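Comments concern the structure below.
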Amino acid sequence: YKLKIFKARRVSLKVISVGNLTLGGTGKTPFAIALARLLEDELRSPTAVLIRGYGWDEQALLKKNLPDTPILVGEDRVKSAHKAIRLYGSQFAVLDDGFQHWEIERDLDIVLVDSRNPFGNNRLFPRGVLREPKNALNRAQMVVFTKINKKAAGLDIIKDEIKRINRNVIFLEASHKPSHIYD
């Protein structure tokens with residue numbers, strides 16, 4: 001995709017990707033839930049969440065927290081997007097864990113970064129926790145620092161580093177607070 005050998009496909013709804021650069025733990029699924037709620041409740045826009053479906057835990061969490069929102073599971077997210085339009089009249093699609101999924105064009109790429117340990121040891125998997133190099137942030141329009149209420153690690157320095165990669169990126173901060181306990 002990056003070399004233009006394969007081409008990302010455009011679909012007729014707004015696509016917002018929620019992803020990260022590191023392996024797990026940044027809060028992608030809770031953020032995707034909050035974003036879908038915002039789109040549906042505040043903007044009154046029919047929204048679908050598209051996931052790859054590696055495991056049942058994220059699918060169950062999405063369905064529990066978004067009972068009236070279509071959750072479409074499948075490797076082909078373009079096909080899932082077309083299904084969301086056809087069956088549910090969706091105007092927005094939120095890609096949960098979509099930053100490394102290049103097949104579908106997106107209107108907004110949001111990358112979540114754990115404020116306590118933004119890039120692990122700065123090494124790619126399997127030597128580190130990075131899924132791809134930090135310069136991949138040049139594809140993002142927004143970086144959200146998560147777990148900001150925990151002990152954040154020098155955000156100004158990290159923001160400066162990211163701005164050297166992508167000077168147009170917008171920064172947001174998110175807190176993680178428990179809302180309830182369940183068995």
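The way I read the labels, and the way they are meant: chains A, B, ... in the order of the structure tokens, residue 1 as the first residue of every chain, and ligand 1 as the first ligand shown, with later ones counted on from there.
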
- Message: I need the strand (DSSP E or B) residues of region 106-178 of chain A per DSSP on the backbone, written as a list in words.
- Response: Leu108, Asp109, Ile110, Val111, Leu112, Val113, Asp114, Leu124, Leu130, Met142, Val143, Val144, Phe145, Thr146, Ile170, Phe171, Leu172 and Glu173 of chain A

Could you dump the residues just selected with N, CA and C atoms as a compact mmCIF listing (two decimals), in the first residue's frame?
# COMPACT_ATOMS: atom_id res chain seq x y z
N LEU A 108 -10.00 9.90 9.02
CA LEU A 108 -9.29 10.33 10.21
C LEU A 108 -8.57 9.14 10.81
N ASP A 109 -7.26 9.31 11.08
CA ASP A 109 -6.47 8.30 11.77
C ASP A 109 -6.12 8.82 13.16
N ILE A 110 -6.63 8.14 14.18
CA ILE A 110 -6.35 8.48 15.57
C ILE A 110 -5.43 7.40 16.13
N VAL A 111 -4.29 7.82 16.68
CA VAL A 111 -3.35 6.87 17.27
C VAL A 111 -3.29 7.12 18.77
N LEU A 112 -3.51 6.05 19.54
CA LEU A 112 -3.45 6.13 20.99
C LEU A 112 -2.04 5.77 21.45
N VAL A 113 -1.52 6.56 22.38
CA VAL A 113 -0.18 6.36 22.92
C VAL A 113 -0.28 6.34 24.44
N ASP A 114 0.23 5.29 25.05
CA ASP A 114 0.23 5.18 26.51
C ASP A 114 1.20 6.22 27.06
N LEU A 124 11.15 -2.63 17.42
CA LEU A 124 10.05 -3.33 16.77
C LEU A 124 9.90 -4.73 17.35
N LEU A 130 6.88 -2.25 19.60
CA LEU A 130 6.39 -1.47 18.47
C LEU A 130 5.92 -2.37 17.33
N MET A 142 -4.29 12.64 14.51
CA MET A 142 -4.50 12.90 15.92
C MET A 142 -3.77 11.84 16.75
N VAL A 143 -3.12 12.30 17.82
CA VAL A 143 -2.51 11.40 18.80
C VAL A 143 -3.19 11.67 20.14
N VAL A 144 -3.69 10.60 20.75
CA VAL A 144 -4.33 10.72 22.06
C VAL A 144 -3.44 10.02 23.08
N PHE A 145 -2.97 10.79 24.06
CA PHE A 145 -2.18 10.22 25.14
C PHE A 145 -3.15 9.64 26.16
N THR A 146 -3.08 8.34 26.38
CA THR A 146 -4.00 7.68 27.29
C THR A 146 -3.36 7.50 28.66
N ILE A 170 -2.59 16.66 15.84
CA ILE A 170 -3.31 17.27 16.96
C ILE A 170 -3.17 16.33 18.15
N PHE A 171 -2.93 16.89 19.34
CA PHE A 171 -2.78 16.09 20.55
C PHE A 171 -4.02 16.23 21.44
N LEU A 172 -4.46 15.10 21.98
CA LEU A 172 -5.50 15.07 23.00
C LEU A 172 -4.99 14.22 24.16
N GLU A 173 -5.64 14.35 25.30
CA GLU A 173 -5.26 13.55 26.46
C GLU A 173 -6.50 12.87 27.02

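Residues surrounding Arg106 (chain A) within 9 Å are A:Ala8, A:Arg10, A:Val11, A:Lys14, A:Val15, A:Ile16, A:Ser17, A:Trp102, A:Asp109 [only C-alpha atoms; sequence separation below 3 positions excluded].
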
Interface rows for region 87-154 of chain A against region 27-50 of chain A: nearest pair, Å to one decimal, 7 Å, only C-alpha atoms, as a Markdown table:
| residue | atom | partner | partner_atom | distance |
| --- | --- | --- | --- | --- |
| A:Gly89 | CA | A:Pro46 | CA | 6.7 |
| A:Ser90 | CA | A:Pro46 | CA | 4.6 |
| A:Gln91 | CA | A:Pro46 | CA | 5.4 |
| A:Phe92 | CA | A:Thr47 | CA | 4.6 |
| A:Ala93 | CA | A:Ala48 | CA | 4.9 |
| A:Val94 | CA | A:Val49 | CA | 4.7 |
| A:Leu95 | CA | A:Leu50 | CA | 4.9 |
| A:Asp96 | CA | A:Ala32 | CA | 6.0 |
| A:Asp97 | CA | A:Lys28 | CA | 6.6 |
| A:Leu112 | CA | A:Lys28 | CA | 6.9 |

Just N, CA, C and O atoms for this one: save the residues we selected as a JSON list (two decimals), in the first residue's frame.
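Final output, part.json:
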[["chain", "number", "residue", "atom", "x", "y", "z"],
["A", 89, "GLY", "N", -27.63, 1.51, 7.27],
["A", 89, "GLY", "CA", -27.64, 2.92, 6.91],
["A", 89, "GLY", "C", -26.56, 3.72, 7.61],
["A", 89, "GLY", "O", -26.72, 4.93, 7.85],
["A", 90, "SER", "N", -25.46, 3.08, 7.94],
["A", 90, "SER", "CA", -24.38, 3.75, 8.67],
["A", 90, "SER", "C", -23.80, 4.90, 7.86],
["A", 90, "SER", "O", -23.64, 4.80, 6.64],
["A", 91, "GLN", "N", -23.48, 5.97, 8.56],
["A", 91, "GLN", "CA", -22.81, 7.12, 7.96],
["A", 91, "GLN", "C", -21.35, 7.21, 8.39],
["A", 91, "GLN", "O", -20.55, 7.85, 7.73],
["A", 92, "PHE", "N", -21.03, 6.57, 9.53],
["A", 92, "PHE", "CA", -19.67, 6.52, 10.05],
["A", 92, "PHE", "C", -19.28, 5.08, 10.32],
["A", 92, "PHE", "O", -20.13, 4.27, 10.70],
["A", 93, "ALA", "N", -18.00, 4.80, 10.15],
["A", 93, "ALA", "CA", -17.44, 3.52, 10.56],
["A", 93, "ALA", "C", -16.24, 3.81, 11.45],
["A", 93, "ALA", "O", -15.37, 4.61, 11.08],
["A", 94, "VAL", "N", -16.21, 3.19, 12.61],
["A", 94, "VAL", "CA", -15.07, 3.29, 13.51],
["A", 94, "VAL", "C", -14.31, 1.97, 13.38],
["A", 94, "VAL", "O", -14.87, 0.90, 13.60],
["A", 95, "LEU", "N", -13.04, 2.06, 12.98],
["A", 95, "LEU", "CA", -12.19, 0.87, 12.89],
["A", 95, "LEU", "C", -11.49, 0.71, 14.22],
["A", 95, "LEU", "O", -10.64, 1.53, 14.59],
["A", 96, "ASP", "N", -11.84, -0.32, 14.97],
["A", 96, "ASP", "CA", -11.14, -0.61, 16.22],
["A", 96, "ASP", "C", -9.88, -1.39, 15.86],
["A", 96, "ASP", "O", -9.96, -2.46, 15.27],
["A", 97, "ASP", "N", -8.73, -0.85, 16.22],
["A", 97, "ASP", "CA", -7.42, -1.41, 15.88],
["A", 97, "ASP", "C", -7.21, -1.38, 14.37],
["A", 97, "ASP", "O", -6.90, -2.37, 13.74],
["A", 112, "LEU", "N", -3.51, 6.05, 19.54],
["A", 112, "LEU", "CA", -3.45, 6.13, 20.99],
["A", 112, "LEU", "C", -2.04, 5.77, 21.45],
["A", 112, "LEU", "O", -1.45, 4.81, 20.94]]

- Note on the structure: In Å and to one decimal, CA of Gly19 (chain A) is distant from CA of Lys63 (chain A) by 19.0 Å

Please provide the set of residues having any atom within 10 Å of Tyr54 (chain A), restricted to only C-alpha atoms, with same-chain residues fewer than 6 positions apart removed, written as a tab-separated table (two decimals) with C-alpha atoms, in the first residue's frame.
chain	number	residue	atom	x	y	z
A	73	VAL	CA	-16.46	-8.63	12.49
A	74	GLY	CA	-14.35	-9.62	9.53
A	75	GLU	CA	-10.94	-9.51	7.95

- What is the CA of Glu105 (chain A) to CA of Tyr1 (chain A) distance in Å?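 Result for CA of Glu105 (chain A) versus CA of Tyr1 (chain A): 10.8 Å, one decimal.
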
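Near Gln100 (chain A), within 9 Å and counting only C-alpha atoms, sit A:Gly19, A:Asn20, A:Leu21, A:Arg131, A:Glu132; same-chain residues fewer than 6 positions away were not included.
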
- Residue among A:Pro178, A:Gly154, A:Gly128, A:Gly98 lying closest to Arg116 (chain A), counting only C-alpha atoms: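 Under the stated criterion, the closest residue is A:Gly154.
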
- Query: Looking only at the backbone, which of the residues in region 19-177 of chain A does DSSP tag as helix (DSSP H, G or I), as number ranges by chain?
  - Reply: A: 28-42, 56-65, 77-88, 134-139, 155-165

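Of note, CA of Arg127 (chain A) and CA of Val169 (chain A) are spaced 27.7 Å apart.
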
- Message: Ranking A:Ile162, A:Pro118, A:Leu155, A:Ser80 by minimum distance to Ala136 (chain A) and counting only C-alpha atoms, which one comes first?
- Response: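 Among the listed residues, A:Ile162 lies closest to Ala136 (chain A).
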
- Query: From the list A:Arg86, A:Lys79, A:His180, A:Val129, which residue is nearest Ile104 (chain A) when using only C-alpha atoms?
  - Reply: A:Lys79

- Query: Between A:Phe119, A:Asp183, A:Gln141, A:Thr69, which is the closest to Ile158 (chain A) once you count only C-alpha atoms?
  - Reply: A:Phe119
